[in-house]
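Participant: Just one file: entry04.cif, with mmCIF, C-alpha atoms.
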data_target
#
loop_
_atom_site.label_atom_id
_atom_site.label_comp_id
_atom_site.auth_asym_id
_atom_site.auth_seq_id
_atom_site.Cartn_x
_atom_site.Cartn_y
_atom_site.Cartn_z
CA MET A 4 93.22 97.80 178.14
CA LEU A 5 93.19 95.26 175.34
CA CYS A 6 94.99 96.14 172.14
CA LEU A 7 94.91 94.55 168.73
CA PRO A 8 98.13 94.62 166.69
CA ILE A 9 97.59 96.71 163.57
CA HIS A 10 98.57 93.85 161.28
CA HIS A 11 95.69 91.80 162.78
CA LEU A 12 93.04 94.49 162.15
CA ASN A 13 92.08 93.36 158.63
CA GLY A 14 91.64 89.77 159.78
CA TRP A 15 89.50 90.91 162.71
CA LEU A 16 87.28 93.06 160.42
CA PHE A 17 86.94 90.10 158.07
CA GLY A 18 85.38 88.14 160.93
CA VAL A 19 82.78 90.76 161.91
CA ASP A 20 79.21 89.44 161.53
CA VAL A 21 77.34 91.53 158.94
CA SER A 22 74.02 91.04 160.74
CA ARG A 23 75.39 92.75 163.88
CA VAL A 24 76.45 96.08 162.35
CA LYS A 25 74.54 99.30 161.67
CA ALA A 26 72.56 99.41 158.42
CA GLU A 27 74.58 102.35 157.03
CA ILE A 28 77.87 100.40 157.07
CA LYS A 29 76.48 97.01 156.09
CA ASP A 30 77.11 97.41 152.33
CA LYS A 31 80.67 98.62 152.92
CA LEU A 32 81.41 95.63 155.15
CA ILE A 33 80.01 93.21 152.56
CA THR A 34 82.17 94.84 149.84
CA TYR A 35 85.18 94.65 152.18
CA LYS A 36 84.60 90.94 152.83
CA LYS A 37 84.25 90.18 149.11
CA GLU A 38 87.55 91.96 148.45
CA CYS A 39 89.16 89.97 151.27
CA TYR A 40 88.00 86.68 149.73
CA GLN A 41 89.39 87.77 146.35
CA ALA A 42 92.66 89.01 147.88
CA LEU A 43 93.22 85.73 149.72
CA PHE A 44 92.41 83.72 146.60
CA ASP A 45 94.77 85.84 144.44
CA TYR A 46 97.57 85.68 147.01
CA TRP A 47 97.47 81.90 147.50
CA ASN A 48 96.77 81.00 143.86
CA ASN A 49 98.58 83.71 141.89
CA GLY A 50 101.27 84.73 144.36
CA VAL A 51 100.11 88.36 144.49
CA ALA A 52 97.00 90.31 145.48
CA VAL A 53 96.31 93.80 144.14
CA SER A 54 93.57 96.15 145.30
CA PRO A 55 91.02 96.81 142.53
CA ARG A 56 91.19 100.47 143.58
CA ALA A 57 94.86 100.58 142.54
CA ILE A 58 94.53 99.06 139.06
CA LYS A 59 94.39 101.59 136.23
CA ILE A 60 92.58 101.07 132.95
CA ASN A 61 94.27 98.90 130.34
CA ASP A 62 95.12 99.90 126.76
CA THR A 63 91.83 98.54 125.41
CA GLN A 64 89.81 100.57 127.93
CA ALA A 65 91.91 103.68 127.21
CA TYR A 66 91.14 103.28 123.50
CA GLN A 67 87.42 102.88 124.25
CA ILE A 68 87.47 106.13 126.25
CA GLN A 69 89.29 107.95 123.42
CA LYS A 70 86.81 106.60 120.88
CA ALA A 71 83.78 107.54 123.00
CA ILE A 72 85.11 111.09 123.49
CA LYS A 73 85.82 111.47 119.77
CA GLN A 74 82.30 110.33 118.85
CA LYS A 75 80.69 112.53 121.49
CA CYS A 76 82.56 115.62 120.31
CA GLN A 77 82.05 114.85 116.64
CA TYR A 78 78.27 114.62 116.91
CA ASN A 79 77.72 117.28 119.59
CA LYS A 80 80.17 119.93 118.33
CA LEU A 81 82.10 119.93 121.61
CA HIS A 82 85.83 120.55 121.76
CA TYR A 83 87.42 117.28 122.90
CA GLN A 84 89.62 119.03 125.51
CA THR A 85 86.45 120.31 127.22
CA LEU A 86 85.29 116.75 127.78
CA TYR A 87 88.73 115.48 128.82
CA HIS A 88 89.01 118.23 131.45
CA ALA A 89 85.50 117.49 132.71
CA ILE A 90 86.58 113.85 133.22
CA TYR A 91 89.80 114.90 134.98
CA ASN A 92 87.81 117.09 137.39
CA ALA A 93 85.07 114.54 138.01
CA PHE A 94 87.43 111.62 138.69
CA GLY A 95 90.40 113.47 140.22
CA VAL A 96 93.00 112.42 137.64
CA LYS A 97 95.56 114.29 135.54
CA SER A 98 95.23 112.04 132.50
CA TYR A 99 92.56 109.66 131.25
CA LYS A 100 95.18 106.90 131.47
CA ASP A 101 95.20 107.38 135.27
CA ILE A 102 91.53 106.39 135.55
CA LEU A 103 91.02 103.39 137.79
CA ALA A 104 89.71 100.21 136.20
CA SER A 105 86.96 100.14 138.81
CA ASP A 106 85.75 103.55 137.51
CA PHE A 107 85.76 102.59 133.83
CA ASP A 108 82.00 101.96 133.49
CA GLU A 109 81.22 105.16 135.36
CA VAL A 110 83.54 107.15 133.06
CA MET A 111 81.86 105.71 129.97
CA SER A 112 78.45 106.69 131.38
CA PHE A 113 79.82 110.16 132.20
CA ILE A 114 80.93 110.60 128.58
CA ALA A 115 77.59 109.40 127.19
CA GLU A 116 75.60 111.75 129.45
CA PHE A 117 77.92 114.75 129.21
CA GLY A 118 76.47 117.93 127.77
CA PHE A 119 76.58 121.68 128.10
CA HIS A 120 73.75 123.61 129.66
CA ALA A 121 72.73 126.57 127.51
CA ASP A 122 73.10 128.95 130.48
CA LEU A 123 76.67 127.78 131.12
CA ILE A 124 77.62 128.31 127.48
CA ARG A 125 76.10 131.81 127.53
CA GLU A 126 77.92 132.71 130.75
CA GLN A 127 81.28 131.41 129.51
CA LEU A 128 80.94 133.14 126.13
CA TYR A 129 79.91 136.37 127.84
CA ASP A 130 82.99 136.48 130.07
CA ILE A 131 85.34 135.42 127.24
CA ILE A 132 84.17 138.42 125.20
CA ALA A 133 84.45 140.69 128.26
CA GLU A 134 88.04 139.49 128.93
CA CYS A 135 88.95 140.03 125.26
CA THR A 136 87.59 143.58 125.53
CA VAL A 137 89.83 144.26 128.54
CA HIS A 138 92.90 142.93 126.70
CA LEU A 139 92.04 144.94 123.59
CA HIS A 140 91.57 148.04 125.73
CA ASN A 141 94.94 147.51 127.45
CA TYR A 142 96.61 147.04 124.06
CA ARG A 143 95.10 150.30 122.82
CA GLU A 144 96.40 152.12 125.92
CA LEU A 145 99.89 150.71 125.34
CA LEU A 146 99.88 151.84 121.70
CA ASP A 147 98.66 155.27 122.81
CA LYS A 148 101.54 155.61 125.32
CA ILE A 149 104.18 154.84 122.73
CA LYS A 150 102.41 157.03 120.14
CA HIS A 151 102.03 154.11 117.77
CA PRO A 152 100.08 155.03 114.61
CA GLU A 153 97.87 151.92 114.77
CA VAL A 154 96.19 153.06 118.00
CA TRP A 155 93.18 154.34 116.03
CA ILE A 156 92.69 150.91 114.41
CA VAL A 157 92.49 149.19 117.80
CA GLY A 158 90.22 151.94 119.11
CA GLY A 159 87.94 151.42 116.13
CA ALA A 160 87.89 147.66 116.74
CA LEU A 161 86.84 148.31 120.34
CA ARG A 162 83.98 150.56 119.23
CA GLU A 163 82.85 147.98 116.65
CA LEU A 164 82.90 145.25 119.30
CA GLN A 165 80.79 147.35 121.67
CA ILE A 166 78.26 148.16 118.93
CA THR A 167 78.00 144.50 117.88
CA ILE A 168 77.57 143.18 121.43
CA ASN A 169 74.97 145.84 122.24
CA ARG A 170 73.02 144.86 119.11
CA LEU A 171 73.10 141.20 120.21
CA GLY A 172 71.60 142.26 123.55
CA PHE A 173 74.07 140.46 125.83
CA VAL A 174 73.08 140.98 129.48
CA ASN A 175 74.72 139.72 132.65
CA SER A 176 73.22 137.83 135.60
CA GLN A 177 71.76 141.12 136.91
CA GLY A 178 70.18 142.05 133.59
CA LEU A 179 72.72 144.78 132.79
CA PRO A 180 74.17 145.12 129.29
CA MET A 181 77.81 144.18 128.81
CA PHE A 182 78.67 147.78 127.89
CA GLU A 183 77.22 150.85 129.56
CA SER A 184 78.24 154.04 127.80
CA SER A 185 78.52 157.35 129.60
CA THR A 186 80.78 160.27 128.70
CA PRO A 187 83.71 160.07 129.15
CA LEU A 188 83.66 156.53 130.58
CA ASN A 189 82.48 153.18 129.33
CA ARG A 190 81.58 150.60 131.95
CA LEU A 191 82.17 146.92 131.23
CA ASN A 192 79.85 144.58 133.17
CA PHE A 193 81.06 141.02 133.67
CA TYR A 194 78.51 138.21 133.92
CA ASN A 195 78.80 137.80 137.71
CA GLY A 196 78.22 141.53 138.31
CA TYR A 197 81.84 142.68 138.55
CA ARG A 198 82.28 146.07 136.84
CA GLN A 199 85.29 147.65 135.21
CA GLU A 200 85.64 151.15 133.84
CA ILE A 201 87.27 151.35 130.42
CA TYR A 202 88.24 154.71 128.94
#
Now, as a test, write the supplied structure out as structure tokens.
Facilitator:
Amino acid sequence: MLCLPIHHLNGWLFGVDVSRVKAEIKDKLITYKKECYQALFDYWNNGVAVSPRAIKINDTQAYQIQKAIKQKCQYNKLHYQTLYHAIYNAFGVKSYKDILASDFDEVMSFIAEFGFHADLIREQLYDIIAECTVHLHNYRELLDKIKHPEVWIVGGALRELQITINRLGFVNSQGLPMFESSTPLNRLNFYNGYRQEIY
């Protein structure tokens, strides 16, 4: 069995003839060879070679990203953190300063094209209101247990919230209203169909 030392592998791959490989890996091999040429040039002329996939954006690029996000949020009424988190998720980073220089153009395109879908906004708003209702309900129960005099104020706020939401006609993904009233229970329907009884 013939073996190739691991430190010779990159040199061997560099010598593979592009015309003799499968079509699906041809582009990757061409990219690899171009990077090899650049790495050899940088090493022998600059004394160091760095992978373009390891270089993060510079201060100028970071500023351009900040500016693009600010403009996008200013004119589209988006909260800037929403867009930052979308970038973090899409590019697998914890901060915009960790974005790779090779991804800079793609990030700028992502910012320019970013937008909310109306259905997503409706779903998120629906569940935010439902979660607030649960917390308000739990707060009312706590006040009731300690016989706090403000329990009736919270109970009134809950009733007002239910009346307002029912007037707006909020329905979940199954077409059910957010609140279903039946004596003595009220049922809270989350957007995805999950149900919770609230007394």
Participant: Running the PyMOL selection byres ((chain A and resi 61) around 12) on this model by hand, what would come out? Give it as a list of chain:residue names.
Facilitator: A:Ile58, A:Lys59, A:Ile60, A:Asp62, A:Thr63, A:Gln64, A:Ala65, A:Tyr66, A:Gln67, A:Ile68, A:Tyr99, A:Lys100, A:Asp101, A:Ile102, A:Leu103, A:Ala104, A:Ser105, A:Phe107
Participant: Please, what distance in Å, to one decimal, runs between atom CA of A:Cys135 and atom CA of A:His151?
Facilitator: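 If I compute the distance from atom CA of A:Cys135 to atom CA of A:His151, I get 20.6 Å.
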Participant: Let me make sure I understand: among A:Leu43, A:Val174, A:Ile33, A:Val51, which one has the smallest atom-to-atom distance to A:Arg125 if we use all atoms listed in the file?
Facilitator: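 Residue with the minimum atom-to-atom distance to A:Arg125: A:Val174.
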Participant: Applied to this file, what does the PyMOL selection byres ((chain A and resi 86-91) around 12) return in terms of residues, put as a VMD selection string?
Facilitator: chain A and resid 68 to 69 71 to 77 79 to 85 92 to 103 106 to 107 109 to 119
Participant: Give me the residues within 12 Å of A:Gly178 as a tab-separated table (two decimals) with C-alpha atoms, in the coordinates of the input, counting all atoms listed in the file and dropping any in the same chain fewer than 6 places off.
Facilitator:
chain	number	residue	atom	x	y	z
A	172	GLY	CA	71.60	142.26	123.55
A	192	ASN	CA	79.85	144.58	133.17
A	193	PHE	CA	81.06	141.02	133.67
A	194	TYR	CA	78.51	138.21	133.92
A	195	ASN	CA	78.80	137.80	137.71
A	196	GLY	CA	78.22	141.53	138.31
Participant: Please report the interatomic distance between atom CA of A:Cys6 and atom CA of A:Asp20 in Å with one decimal.
Facilitator: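 These atoms are spaced 20.2 Å apart.
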Participant: Given only C-alpha atoms as the basis, pick out the residue of A:Ala52, A:Ser176, A:Val154, A:Ile9 nearest to A:Asn141.
Facilitator: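 Comparing A:Ala52, A:Ser176, A:Val154, A:Ile9 against A:Asn141, the winner is A:Val154.
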